[in-house]
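The structure appears right after this line, and notes come after that.
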Amino acid sequence: MNKVNVFLSPNKVIFGNGTASQVGKEAQQFRAKKALIVTDKGVVKAGLLAGVQDSLKEQKIGFDIFDKVEAEPPAANVDEGAQMASANGADIVIGVGGGSSMDVAKGIAIMAKNKGKILDYAGTDLVPQRGLPRILLTTTAGTASEVTRTIVIMDEKRTLKMAVHSNYALADVAIVDPLLTLSLPPKVTADTGVDALVHAIETYVAMSTTPFSEVLALEAIRLIAENLPTAYAKGENIAARYNMSLGATMAGMAFTGGGLGAVHALSNALGVKYHLSHGRANAVMLPYVVDYNKIGSLRKYAAIAQAMGENTEKLTPYQAAEKLVSSIFRLLEIVNIPARLSDYGITEADIPALVEGGMKISRLFVPNPRNLTEDDVRNIYTKAL
Ligand SMILES: [Fe+2]
């Protein structure tokens, strides 16, 4: 009962269809004269910047565009963007895109006002100066980087994903406009949507969870399980997209204070070595980790099964938790995500490298509801083959 519970979120979260057009007014609150829009070429090509640009022009705010963000962004993306921000006199950073663009935008805002390189600040609360104001607009319903305090970037020299955790990575304003997600292809909808589900499940059962996180996470699970199949089947279904965006944002708010777990640890090596997207890698590991974890928190896994629409009334918590595993496999099948590592060309010979990669993130085993040894990690990968 004496546990300290912390809830962290951006100063302001604006959620709703058409809210991207408010970005100019929000930038005006910071008396911005010149923005740096941070994005990637896919977002530009999809025409998603038009509304943002119009909104800035309306408020007579100048802007430059940095559109060099890559998937699994290398740290160099941040350092190059920060140089551009300084050289062009940007006084605000506006990130538009998925997790990669928003993470790079957050990094650029920090590095425009801090010395050195972004990797110097990898770790927790190491950033000394606040950085430029930042407004983040997400174009996916998944990573929820717009509401988190984390920046994930690649240390290319060491082929290692690094994370900067800082309150200065929290957005001043997060804008979640579900209409920006309408054109996401089904595969990206599925991968990012399951990533959001993983956030909600992991933080709900985490030892570090909080009462705030639990409420948000359970509602996120309900929204995502109910709406992901429809958003996948009919991308232009506005109601499904709206609910997916809501679920993903809630999941992000939940895990920012509540923590994650072993799925995110074990998926990491899959992304780095085998180039699976972050969401896909999480999706593949999810059912196996839940199956392993379930005895660590039976009642909570049973509650998740119920939130995912399973009838658990006459089941024991153990039976309900088992039902959750099959429920997850079914959801993955519906959205066409093959759930075996061998479906991605991974063989038994790859397991030692995967175990090594998973163990590198063993700090995420601390909040995980069941302890893991190296042997346990190996067994989970072997089951997932
Ligand atoms: Fe994630």
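Identifiers for the structure tokens are assigned positionally: chains receive A, B, ... in sequence, residues are indexed from 1 per chain, and ligands are indexed from 1 in the order shown.
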
May I have the residues within 9 Å of ligand 1, computed using only C-alpha atoms and all ligand atoms, as a PDB file with all heavy atoms, in the first residue's frame?
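Produced file pocket_25.pdb, reproduced below:
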```pdb
ATOM      1  N   GLY A 142       0.369   2.653 -32.556  1.00  0.00           N
ATOM      2  CA  GLY A 142       1.211   1.561 -32.078  1.00  0.00           C
ATOM      3  C   GLY A 142       2.211   1.993 -31.040  1.00  0.00           C
ATOM      4  O   GLY A 142       1.981   1.897 -29.836  1.00  0.00           O
ATOM      5  N   THR A 143       3.330   2.535 -31.510  1.00  0.00           N
ATOM      6  CA  THR A 143       4.457   2.838 -30.639  1.00  0.00           C
ATOM      7  C   THR A 143       4.132   3.822 -29.511  1.00  0.00           C
ATOM      8  O   THR A 143       4.672   3.724 -28.432  1.00  0.00           O
ATOM      9  CB  THR A 143       5.625   3.380 -31.480  1.00  0.00           C
ATOM     10  OG1 THR A 143       6.343   4.325 -30.715  1.00  0.00           O
ATOM     11  CG2 THR A 143       5.157   4.088 -32.704  1.00  0.00           C
ATOM     12  N   ALA A 144       3.251   4.791 -29.829  1.00  0.00           N
ATOM     13  CA  ALA A 144       2.856   5.796 -28.836  1.00  0.00           C
ATOM     14  C   ALA A 144       4.026   6.639 -28.345  1.00  0.00           C
ATOM     15  O   ALA A 144       3.996   7.165 -27.239  1.00  0.00           O
ATOM     16  CB  ALA A 144       2.119   5.163 -27.653  1.00  0.00           C
ATOM     17  N   THR A 192       1.988  -2.566 -35.941  1.00  0.00           N
ATOM     18  CA  THR A 192       1.982  -1.488 -34.945  1.00  0.00           C
ATOM     19  C   THR A 192       0.848  -1.717 -33.930  1.00  0.00           C
ATOM     20  O   THR A 192       1.023  -1.455 -32.734  1.00  0.00           O
ATOM     21  CB  THR A 192       1.820  -0.107 -35.612  1.00  0.00           C
ATOM     22  OG1 THR A 192       0.687  -0.149 -36.489  1.00  0.00           O
ATOM     23  CG2 THR A 192       3.045   0.276 -36.406  1.00  0.00           C
ATOM     24  N   VAL A 194      -0.383  -4.584 -32.881  1.00  0.00           N
ATOM     25  CA  VAL A 194      -0.022  -5.614 -31.896  1.00  0.00           C
ATOM     26  C   VAL A 194       1.052  -5.069 -30.947  1.00  0.00           C
ATOM     27  O   VAL A 194       1.069  -5.407 -29.763  1.00  0.00           O
ATOM     28  CB  VAL A 194       0.419  -6.933 -32.575  1.00  0.00           C
ATOM     29  CG1 VAL A 194       0.861  -7.952 -31.526  1.00  0.00           C
ATOM     30  CG2 VAL A 194      -0.722  -7.512 -33.398  1.00  0.00           C
ATOM     31  N   ASP A 195       1.934  -4.205 -31.425  1.00  0.00           N
ATOM     32  CA  ASP A 195       2.917  -3.574 -30.530  1.00  0.00           C
ATOM     33  C   ASP A 195       2.176  -2.853 -29.399  1.00  0.00           C
ATOM     34  O   ASP A 195       2.537  -2.979 -28.225  1.00  0.00           O
ATOM     35  CB  ASP A 195       3.791  -2.589 -31.319  1.00  0.00           C
ATOM     36  CG  ASP A 195       4.879  -1.949 -30.456  1.00  0.00           C
ATOM     37  OD1 ASP A 195       5.363  -2.607 -29.516  1.00  0.00           O
ATOM     38  OD2 ASP A 195       5.255  -0.791 -30.741  1.00  0.00           O
ATOM     39  N   ALA A 196       1.122  -2.116 -29.770  1.00  0.00           N
ATOM     40  CA  ALA A 196       0.343  -1.396 -28.748  1.00  0.00           C
ATOM     41  C   ALA A 196      -0.302  -2.375 -27.763  1.00  0.00           C
ATOM     42  O   ALA A 196      -0.318  -2.130 -26.552  1.00  0.00           O
ATOM     43  CB  ALA A 196      -0.729  -0.538 -29.418  1.00  0.00           C
ATOM     44  N   LEU A 197      -0.790  -3.500 -28.306  1.00  0.00           N
ATOM     45  CA  LEU A 197      -1.380  -4.524 -27.426  1.00  0.00           C
ATOM     46  C   LEU A 197      -0.325  -5.067 -26.454  1.00  0.00           C
ATOM     47  O   LEU A 197      -0.593  -5.265 -25.264  1.00  0.00           O
ATOM     48  CB  LEU A 197      -1.967  -5.659 -28.275  1.00  0.00           C
ATOM     49  CG  LEU A 197      -2.599  -6.817 -27.496  1.00  0.00           C
ATOM     50  CD1 LEU A 197      -3.870  -6.367 -26.776  1.00  0.00           C
ATOM     51  CD2 LEU A 197      -2.935  -7.990 -28.437  1.00  0.00           C
ATOM     52  N   VAL A 198       0.878  -5.275 -26.969  1.00  0.00           N
ATOM     53  CA  VAL A 198       1.967  -5.772 -26.119  1.00  0.00           C
ATOM     54  C   VAL A 198       2.283  -4.753 -25.017  1.00  0.00           C
ATOM     55  O   VAL A 198       2.484  -5.119 -23.852  1.00  0.00           O
ATOM     56  CB  VAL A 198       3.232  -6.100 -26.955  1.00  0.00           C
ATOM     57  CG1 VAL A 198       4.402  -6.471 -26.044  1.00  0.00           C
ATOM     58  CG2 VAL A 198       2.954  -7.227 -27.930  1.00  0.00           C
ATOM     59  N   HIS A 199       2.318  -3.471 -25.378  1.00  0.00           N
ATOM     60  CA  HIS A 199       2.554  -2.442 -24.344  1.00  0.00           C
ATOM     61  C   HIS A 199       1.534  -2.582 -23.216  1.00  0.00           C
ATOM     62  O   HIS A 199       1.874  -2.562 -22.035  1.00  0.00           O
ATOM     63  CB  HIS A 199       2.423  -1.034 -24.933  1.00  0.00           C
ATOM     64  CG  HIS A 199       3.471  -0.705 -25.943  1.00  0.00           C
ATOM     65  ND1 HIS A 199       3.291   0.232 -26.930  1.00  0.00           N
ATOM     66  CD2 HIS A 199       4.716  -1.216 -26.133  1.00  0.00           C
ATOM     67  CE1 HIS A 199       4.384   0.294 -27.673  1.00  0.00           C
ATOM     68  NE2 HIS A 199       5.256  -0.575 -27.208  1.00  0.00           N
ATOM     69  N   GLY A 252       0.363   3.615 -24.365  1.00  0.00           N
ATOM     70  CA  GLY A 252       1.611   4.377 -24.215  1.00  0.00           C
ATOM     71  C   GLY A 252       1.652   5.107 -22.883  1.00  0.00           C
ATOM     72  O   GLY A 252       2.669   5.097 -22.182  1.00  0.00           O
ATOM     73  N   LEU A 260       7.629  -2.168 -18.892  1.00  0.00           N
ATOM     74  CA  LEU A 260       7.335  -3.220 -19.875  1.00  0.00           C
ATOM     75  C   LEU A 260       7.840  -4.553 -19.326  1.00  0.00           C
ATOM     76  O   LEU A 260       7.947  -4.723 -18.132  1.00  0.00           O
ATOM     77  CB  LEU A 260       7.982  -2.867 -21.224  1.00  0.00           C
ATOM     78  CG  LEU A 260       7.352  -1.655 -21.950  1.00  0.00           C
ATOM     79  CD1 LEU A 260       8.199  -1.215 -23.127  1.00  0.00           C
ATOM     80  CD2 LEU A 260       5.925  -1.970 -22.418  1.00  0.00           C
ATOM     81  N   VAL A 263       8.632  -9.523 -23.279  1.00  0.00           N
ATOM     82  CA  VAL A 263       8.378  -9.525 -24.729  1.00  0.00           C
ATOM     83  C   VAL A 263       9.309  -8.511 -25.396  1.00  0.00           C
ATOM     84  O   VAL A 263       9.982  -8.813 -26.390  1.00  0.00           O
ATOM     85  CB  VAL A 263       6.906  -9.194 -25.073  1.00  0.00           C
ATOM     86  CG1 VAL A 263       6.702  -9.196 -26.580  1.00  0.00           C
ATOM     87  CG2 VAL A 263       5.946 -10.175 -24.414  1.00  0.00           C
ATOM     88  N   HIS A 264       9.346  -7.305 -24.828  1.00  0.00           N
ATOM     89  CA  HIS A 264      10.210  -6.279 -25.411  1.00  0.00           C
ATOM     90  C   HIS A 264      11.693  -6.648 -25.320  1.00  0.00           C
ATOM     91  O   HIS A 264      12.484  -6.245 -26.166  1.00  0.00           O
ATOM     92  CB  HIS A 264       9.943  -4.908 -24.779  1.00  0.00           C
ATOM     93  CG  HIS A 264       8.842  -4.160 -25.482  1.00  0.00           C
ATOM     94  ND1 HIS A 264       7.519  -4.456 -25.311  1.00  0.00           N
ATOM     95  CD2 HIS A 264       8.871  -3.161 -26.405  1.00  0.00           C
ATOM     96  CE1 HIS A 264       6.783  -3.670 -26.076  1.00  0.00           C
ATOM     97  NE2 HIS A 264       7.572  -2.862 -26.751  1.00  0.00           N
ATOM     98  N   HIS A 278       9.784  -3.607 -35.229  1.00  0.00           N
ATOM     99  CA  HIS A 278       9.623  -3.695 -33.769  1.00  0.00           C
ATOM    100  C   HIS A 278       8.291  -4.371 -33.422  1.00  0.00           C
ATOM    101  O   HIS A 278       8.229  -5.276 -32.582  1.00  0.00           O
ATOM    102  CB  HIS A 278       9.697  -2.281 -33.178  1.00  0.00           C
ATOM    103  CG  HIS A 278       9.335  -2.210 -31.738  1.00  0.00           C
ATOM    104  ND1 HIS A 278      10.185  -2.613 -30.735  1.00  0.00           N
ATOM    105  CD2 HIS A 278       8.189  -1.804 -31.114  1.00  0.00           C
ATOM    106  CE1 HIS A 278       9.593  -2.439 -29.560  1.00  0.00           C
ATOM    107  NE2 HIS A 278       8.385  -1.954 -29.765  1.00  0.00           N
ATOM    108  N   GLY A 279       7.237  -3.941 -34.103  1.00  0.00           N
ATOM    109  CA  GLY A 279       5.908  -4.491 -33.807  1.00  0.00           C
ATOM    110  C   GLY A 279       5.821  -5.964 -34.160  1.00  0.00           C
ATOM    111  O   GLY A 279       5.278  -6.768 -33.398  1.00  0.00           O
ATOM    112  N   ASN A 282       7.717  -8.120 -31.653  1.00  0.00           N
ATOM    113  CA  ASN A 282       6.945  -8.253 -30.413  1.00  0.00           C
ATOM    114  C   ASN A 282       5.781  -9.213 -30.596  1.00  0.00           C
ATOM    115  O   ASN A 282       5.470 -10.012 -29.715  1.00  0.00           O
ATOM    116  CB  ASN A 282       6.384  -6.894 -29.991  1.00  0.00           C
ATOM    117  CG  ASN A 282       7.389  -6.085 -29.197  1.00  0.00           C
ATOM    118  OD1 ASN A 282       8.242  -6.643 -28.534  1.00  0.00           O
ATOM    119  ND2 ASN A 282       7.277  -4.787 -29.285  1.00  0.00           N
TER     120      ASN A 282
END
```

Could I get the residues of segment 303-329 of chain A with an atom no further than 12 Å from an atom of segment 211-232 of chain A, each paired with its nearest atom pair and that distance in Å to one decimal, using only C-alpha atoms, sorted by chain and residue number, as CSV?
```
residue,atom,partner,partner_atom,distance
A:Ala303,CA,A:Leu218,CA,8.3
A:Ile304,CA,A:Leu218,CA,7.0
A:Ala305,CA,A:Ile221,CA,9.3
A:Gln306,CA,A:Arg222,CA,8.6
A:Ala307,CA,A:Arg222,CA,4.9
A:Met308,CA,A:Ala225,CA,5.4
A:Gly309,CA,A:Arg222,CA,7.5
A:Glu310,CA,A:Ala225,CA,10.5
A:Leu324,CA,A:Ala225,CA,11.6
A:Ser327,CA,A:Ala225,CA,9.6
A:Ile328,CA,A:Ala225,CA,9.1
```

Checklist line | Nearest to Arg134 of chain A by atom-to-atom distance, counting only C-alpha atoms, from A:Val38, A:Ala239, A:Leu184, A:Ala75 | finding: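 So, comparing all the options, the nearest one is A:Val38.
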
I'd like a table as JSON lines: residues in segment 207-314 of chain A with an atom no more than 6 Å from segment 363-380 of chain A, each row giving the shortest atom pair and its distance in Å to one decimal, only C-alpha atoms counted, sorted by chain and rising residue number.
```
{"residue": "A:Met207", "atom": "CA", "partner": "A:Pro367", "partner_atom": "CA", "distance": 4.7}
{"residue": "A:Ser208", "atom": "CA", "partner": "A:Pro367", "partner_atom": "CA", "distance": 5.5}
{"residue": "A:Gly261", "atom": "CA", "partner": "A:Asn368", "partner_atom": "CA", "distance": 4.6}
{"residue": "A:Ala262", "atom": "CA", "partner": "A:Phe365", "partner_atom": "CA", "distance": 5.6}
{"residue": "A:Asn293", "atom": "CA", "partner": "A:Arg370", "partner_atom": "CA", "distance": 5.3}
{"residue": "A:Gly296", "atom": "CA", "partner": "A:Arg370", "partner_atom": "CA", "distance": 5.0}
```

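Distances to Ile94 of chain A were evaluated for A:Ile175, A:Leu126, A:Lys294, A:Ile153 using only C-alpha atoms, and the minimum falls at A:Ile175.
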
Note to self: Please determine, counting only C-alpha atoms, which residue among A:Ser166, A:Gln83, A:Asn77, A:Ser9 has the shortest atom-to-atom distance to Asp125 of chain A.
What the structure shows: A:Ser166

Extract the full set of strand (DSSP E or B) residues from segment 75-195 of chain A according to DSSP on the backbone, and format it as a PDB file with N, CA, C and O atoms, in the first residue's frame.
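After the write, out-v1.pdb holds the following:
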```pdb
ATOM      1  N   ILE A  92      11.344  25.460 -32.638  1.00  0.00           N
ATOM      2  CA  ILE A  92      10.412  24.408 -32.221  1.00  0.00           C
ATOM      3  C   ILE A  92      10.620  23.205 -33.144  1.00  0.00           C
ATOM      4  O   ILE A  92      10.984  23.371 -34.313  1.00  0.00           O
ATOM      5  N   VAL A  93      10.412  21.994 -32.602  1.00  0.00           N
ATOM      6  CA  VAL A  93      10.528  20.778 -33.423  1.00  0.00           C
ATOM      7  C   VAL A  93       9.157  20.127 -33.500  1.00  0.00           C
ATOM      8  O   VAL A  93       8.466  19.987 -32.481  1.00  0.00           O
ATOM      9  N   ILE A  94       8.770  19.764 -34.721  1.00  0.00           N
ATOM     10  CA  ILE A  94       7.479  19.099 -34.907  1.00  0.00           C
ATOM     11  C   ILE A  94       7.737  17.736 -35.551  1.00  0.00           C
ATOM     12  O   ILE A  94       8.206  17.651 -36.690  1.00  0.00           O
ATOM     13  N   GLY A  95       7.484  16.676 -34.819  1.00  0.00           N
ATOM     14  CA  GLY A  95       7.689  15.327 -35.339  1.00  0.00           C
ATOM     15  C   GLY A  95       6.401  14.800 -35.933  1.00  0.00           C
ATOM     16  O   GLY A  95       5.347  14.899 -35.307  1.00  0.00           O
ATOM     17  N   VAL A  96       6.486  14.279 -37.157  1.00  0.00           N
ATOM     18  CA  VAL A  96       5.291  13.721 -37.808  1.00  0.00           C
ATOM     19  C   VAL A  96       5.654  12.352 -38.365  1.00  0.00           C
ATOM     20  O   VAL A  96       6.500  12.241 -39.257  1.00  0.00           O
ATOM     21  N   GLY A  97       5.034  11.304 -37.849  1.00  0.00           N
ATOM     22  CA  GLY A  97       5.316   9.982 -38.390  1.00  0.00           C
ATOM     23  C   GLY A  97       5.071   8.879 -37.381  1.00  0.00           C
ATOM     24  O   GLY A  97       4.338   9.065 -36.397  1.00  0.00           O
ATOM     25  N   GLY A 123      20.603   6.104 -21.547  1.00  0.00           N
ATOM     26  CA  GLY A 123      20.459   5.778 -20.122  1.00  0.00           C
ATOM     27  C   GLY A 123      19.250   6.520 -19.570  1.00  0.00           C
ATOM     28  O   GLY A 123      18.392   6.979 -20.325  1.00  0.00           O
ATOM     29  N   THR A 124      19.221   6.650 -18.271  1.00  0.00           N
ATOM     30  CA  THR A 124      18.040   7.247 -17.624  1.00  0.00           C
ATOM     31  C   THR A 124      18.385   8.582 -16.980  1.00  0.00           C
ATOM     32  O   THR A 124      19.331   8.666 -16.183  1.00  0.00           O
ATOM     33  N   ARG A 134       8.660  20.752 -28.287  1.00  0.00           N
ATOM     34  CA  ARG A 134       8.363  19.750 -29.306  1.00  0.00           C
ATOM     35  C   ARG A 134       6.878  19.386 -29.327  1.00  0.00           C
ATOM     36  O   ARG A 134       6.258  19.193 -28.281  1.00  0.00           O
ATOM     37  N   ILE A 135       6.380  19.308 -30.551  1.00  0.00           N
ATOM     38  CA  ILE A 135       5.001  18.859 -30.773  1.00  0.00           C
ATOM     39  C   ILE A 135       5.111  17.582 -31.595  1.00  0.00           C
ATOM     40  O   ILE A 135       5.842  17.541 -32.584  1.00  0.00           O
ATOM     41  N   LEU A 136       4.423  16.549 -31.170  1.00  0.00           N
ATOM     42  CA  LEU A 136       4.530  15.265 -31.868  1.00  0.00           C
ATOM     43  C   LEU A 136       3.175  14.826 -32.412  1.00  0.00           C
ATOM     44  O   LEU A 136       2.180  14.822 -31.684  1.00  0.00           O
ATOM     45  N   LEU A 137       3.161  14.484 -33.699  1.00  0.00           N
ATOM     46  CA  LEU A 137       1.941  13.965 -34.328  1.00  0.00           C
ATOM     47  C   LEU A 137       2.214  12.542 -34.802  1.00  0.00           C
ATOM     48  O   LEU A 137       3.134  12.317 -35.596  1.00  0.00           O
ATOM     49  N   THR A 138       1.434  11.604 -34.322  1.00  0.00           N
ATOM     50  CA  THR A 138       1.665  10.230 -34.720  1.00  0.00           C
ATOM     51  C   THR A 138       0.831   9.860 -35.949  1.00  0.00           C
ATOM     52  O   THR A 138      -0.307  10.293 -36.074  1.00  0.00           O
ATOM     53  N   THR A 150      10.718   8.052 -23.957  1.00  0.00           N
ATOM     54  CA  THR A 150      11.813   7.218 -24.440  1.00  0.00           C
ATOM     55  C   THR A 150      12.171   7.539 -25.893  1.00  0.00           C
ATOM     56  O   THR A 150      11.294   7.811 -26.707  1.00  0.00           O
ATOM     57  N   ILE A 151      13.449   7.482 -26.187  1.00  0.00           N
ATOM     58  CA  ILE A 151      13.944   7.608 -27.558  1.00  0.00           C
ATOM     59  C   ILE A 151      14.750   6.347 -27.827  1.00  0.00           C
ATOM     60  O   ILE A 151      15.695   6.057 -27.083  1.00  0.00           O
ATOM     61  N   VAL A 152      14.381   5.587 -28.847  1.00  0.00           N
ATOM     62  CA  VAL A 152      15.159   4.384 -29.182  1.00  0.00           C
ATOM     63  C   VAL A 152      15.916   4.656 -30.478  1.00  0.00           C
ATOM     64  O   VAL A 152      15.325   5.037 -31.490  1.00  0.00           O
ATOM     65  N   ILE A 153      17.226   4.482 -30.418  1.00  0.00           N
ATOM     66  CA  ILE A 153      18.068   4.734 -31.585  1.00  0.00           C
ATOM     67  C   ILE A 153      19.119   3.632 -31.690  1.00  0.00           C
ATOM     68  O   ILE A 153      19.438   2.979 -30.713  1.00  0.00           O
ATOM     69  N   MET A 154      19.629   3.477 -32.910  1.00  0.00           N
ATOM     70  CA  MET A 154      20.642   2.439 -33.126  1.00  0.00           C
ATOM     71  C   MET A 154      22.032   3.005 -32.945  1.00  0.00           C
ATOM     72  O   MET A 154      22.365   4.045 -33.517  1.00  0.00           O
ATOM     73  N   ASP A 155      22.827   2.301 -32.140  1.00  0.00           N
ATOM     74  CA  ASP A 155      24.251   2.575 -32.102  1.00  0.00           C
ATOM     75  C   ASP A 155      24.835   1.697 -33.215  1.00  0.00           C
ATOM     76  O   ASP A 155      24.981   0.493 -33.040  1.00  0.00           O
ATOM     77  N   LEU A 160      23.613  -2.054 -31.846  1.00  0.00           N
ATOM     78  CA  LEU A 160      22.865  -2.214 -30.602  1.00  0.00           C
ATOM     79  C   LEU A 160      21.817  -1.102 -30.524  1.00  0.00           C
ATOM     80  O   LEU A 160      22.110   0.048 -30.819  1.00  0.00           O
ATOM     81  N   LYS A 161      20.607  -1.501 -30.126  1.00  0.00           N
ATOM     82  CA  LYS A 161      19.577  -0.485 -29.912  1.00  0.00           C
ATOM     83  C   LYS A 161      19.803   0.152 -28.553  1.00  0.00           C
ATOM     84  O   LYS A 161      19.961  -0.548 -27.552  1.00  0.00           O
ATOM     85  N   MET A 162      19.845   1.473 -28.532  1.00  0.00           N
ATOM     86  CA  MET A 162      20.059   2.180 -27.273  1.00  0.00           C
ATOM     87  C   MET A 162      18.820   3.004 -26.957  1.00  0.00           C
ATOM     88  O   MET A 162      18.078   3.405 -27.856  1.00  0.00           O
ATOM     89  N   ALA A 163      18.604   3.271 -25.686  1.00  0.00           N
ATOM     90  CA  ALA A 163      17.439   4.071 -25.296  1.00  0.00           C
ATOM     91  C   ALA A 163      17.867   5.253 -24.438  1.00  0.00           C
ATOM     92  O   ALA A 163      18.714   5.122 -23.553  1.00  0.00           O
ATOM     93  N   VAL A 164      17.289   6.394 -24.750  1.00  0.00           N
ATOM     94  CA  VAL A 164      17.451   7.581 -23.914  1.00  0.00           C
ATOM     95  C   VAL A 164      16.114   7.779 -23.201  1.00  0.00           C
ATOM     96  O   VAL A 164      15.091   7.944 -23.858  1.00  0.00           O
ATOM     97  N   HIS A 165      16.123   7.700 -21.882  1.00  0.00           N
ATOM     98  CA  HIS A 165      14.905   7.959 -21.107  1.00  0.00           C
ATOM     99  C   HIS A 165      15.090   9.306 -20.422  1.00  0.00           C
ATOM    100  O   HIS A 165      16.029   9.480 -19.647  1.00  0.00           O
ATOM    101  N   VAL A 173       3.350  18.997 -26.553  1.00  0.00           N
ATOM    102  CA  VAL A 173       1.988  18.731 -27.039  1.00  0.00           C
ATOM    103  C   VAL A 173       2.040  17.464 -27.897  1.00  0.00           C
ATOM    104  O   VAL A 173       2.846  17.366 -28.823  1.00  0.00           O
ATOM    105  N   ALA A 174       1.194  16.499 -27.568  1.00  0.00           N
ATOM    106  CA  ALA A 174       1.037  15.310 -28.416  1.00  0.00           C
ATOM    107  C   ALA A 174      -0.295  15.450 -29.141  1.00  0.00           C
ATOM    108  O   ALA A 174      -1.316  15.738 -28.510  1.00  0.00           O
ATOM    109  N   ILE A 175      -0.251  15.307 -30.458  1.00  0.00           N
ATOM    110  CA  ILE A 175      -1.498  15.387 -31.227  1.00  0.00           C
ATOM    111  C   ILE A 175      -1.760  14.014 -31.835  1.00  0.00           C
ATOM    112  O   ILE A 175      -0.943  13.491 -32.597  1.00  0.00           O
ATOM    113  N   VAL A 176      -2.870  13.430 -31.461  1.00  0.00           N
ATOM    114  CA  VAL A 176      -3.240  12.113 -31.995  1.00  0.00           C
ATOM    115  C   VAL A 176      -4.483  12.293 -32.850  1.00  0.00           C
ATOM    116  O   VAL A 176      -5.593  12.457 -32.345  1.00  0.00           O
TER     117      VAL A 176
END
```

Margin query: Quick check, in Å to one decimal: how far apart do atom CA of Ile295 of chain A and atom CA of Lys3 of chain A lie?
Written below: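 Separation of atom CA of Ile295 of chain A and atom CA of Lys3 of chain A: 23.1 Å.
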
Next item on the list: Find the residue from A:Ala320, A:Ala233, A:Asn336, A:Leu385 that sits nearest to Glu348 of chain A; use only C-alpha atoms when measuring.
Entry: A:Leu385

Item checked: Closest of A:Ile238, A:Ile337, A:Ala20, A:Ala105 to Asp191 of chain A - atom-to-atom distances counting only C-alpha atoms -> A:Ile337

Next item on the list: For each of A:Leu182, A:Met359, A:Met250, A:Val325, take the minimum atom-to-atom distance to Asn237 of chain A, counting only C-alpha atoms, then give the residue where this is smallest.
Entry: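 Comparing A:Leu182, A:Met359, A:Met250, A:Val325 against Asn237 of chain A, the winner is A:Leu182.
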
Margin query: Please identify the helix (DSSP H, G or I) residues within segment 75-145 of chain A (assignment by DSSP from backbone atoms) and present them as a ChimeraX atom specification.
Written below: /A:75-87,99-111,118-121,145

Next item on the list: List the neighbours of Lys115 of chain A out to 12 Å using only C-alpha atoms; skip same-chain residues closer than 6 positions along the sequence, and give me the result as a list in words.
Entry: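 These residues fall inside the cut-off: Asp79, Ala82, Gln83, Ile108, Tyr121, Val127, Pro128, Gln129, Arg130 and Gly131 of chain A.
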
If you keep N, CA and C atoms, can you produce a file of those selected residues as a PDB file, in the first residue's frame?
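The resulting file, selection-v5.pdb, is shown below:
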```
ATOM      1  N   ASP A  79      21.737  13.406 -34.815  1.00  0.00           N
ATOM      2  CA  ASP A  79      22.806  14.406 -34.798  1.00  0.00           C
ATOM      3  C   ASP A  79      22.754  15.292 -36.048  1.00  0.00           C
ATOM      4  N   ALA A  82      19.781  17.669 -35.654  1.00  0.00           N
ATOM      5  CA  ALA A  82      20.037  18.708 -34.649  1.00  0.00           C
ATOM      6  C   ALA A  82      20.907  19.809 -35.232  1.00  0.00           C
ATOM      7  N   GLN A  83      21.865  19.402 -36.069  1.00  0.00           N
ATOM      8  CA  GLN A  83      22.711  20.409 -36.738  1.00  0.00           C
ATOM      9  C   GLN A  83      21.856  21.296 -37.642  1.00  0.00           C
ATOM     10  N   ILE A 108      16.272  15.267 -31.659  1.00  0.00           N
ATOM     11  CA  ILE A 108      16.722  16.519 -32.271  1.00  0.00           C
ATOM     12  C   ILE A 108      16.415  17.694 -31.340  1.00  0.00           C
ATOM     13  N   TYR A 121      23.881  10.422 -24.112  1.00  0.00           N
ATOM     14  CA  TYR A 121      22.818  10.520 -23.098  1.00  0.00           C
ATOM     15  C   TYR A 121      21.987   9.241 -22.986  1.00  0.00           C
ATOM     16  N   VAL A 127      20.044  13.658 -19.509  1.00  0.00           N
ATOM     17  CA  VAL A 127      20.031  14.860 -20.344  1.00  0.00           C
ATOM     18  C   VAL A 127      19.967  16.094 -19.449  1.00  0.00           C
ATOM     19  N   PRO A 128      20.978  16.996 -19.536  1.00  0.00           N
ATOM     20  CA  PRO A 128      20.986  18.124 -18.605  1.00  0.00           C
ATOM     21  C   PRO A 128      20.038  19.285 -18.962  1.00  0.00           C
ATOM     22  N   GLN A 129      19.911  19.577 -20.255  1.00  0.00           N
ATOM     23  CA  GLN A 129      19.116  20.761 -20.650  1.00  0.00           C
ATOM     24  C   GLN A 129      17.800  20.340 -21.314  1.00  0.00           C
ATOM     25  N   ARG A 130      16.824  21.209 -21.174  1.00  0.00           N
ATOM     26  CA  ARG A 130      15.473  20.876 -21.608  1.00  0.00           C
ATOM     27  C   ARG A 130      15.312  20.696 -23.127  1.00  0.00           C
ATOM     28  N   GLY A 131      16.062  21.403 -23.919  1.00  0.00           N
ATOM     29  CA  GLY A 131      15.917  21.288 -25.368  1.00  0.00           C
ATOM     30  C   GLY A 131      14.831  22.187 -25.917  1.00  0.00           C
TER      31      GLY A 131
END
```

Item checked: Atomic separation - atom CA of Ser362 of chain A relative to atom CA of Thr209 of chain A, Å ->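 Separation between atom CA of Thr209 of chain A and atom CA of Ser362 of chain A: 17.7 Å.
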
Next item on the list: Give me, please, the distance in Å between atom CA of Ala190 of chain A and atom CA of Ser277 of chain A, quoted to one decimal.
Entry: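 Computed distance, atom CA of Ala190 of chain A to atom CA of Ser277 of chain A, equals 11.1 Å.
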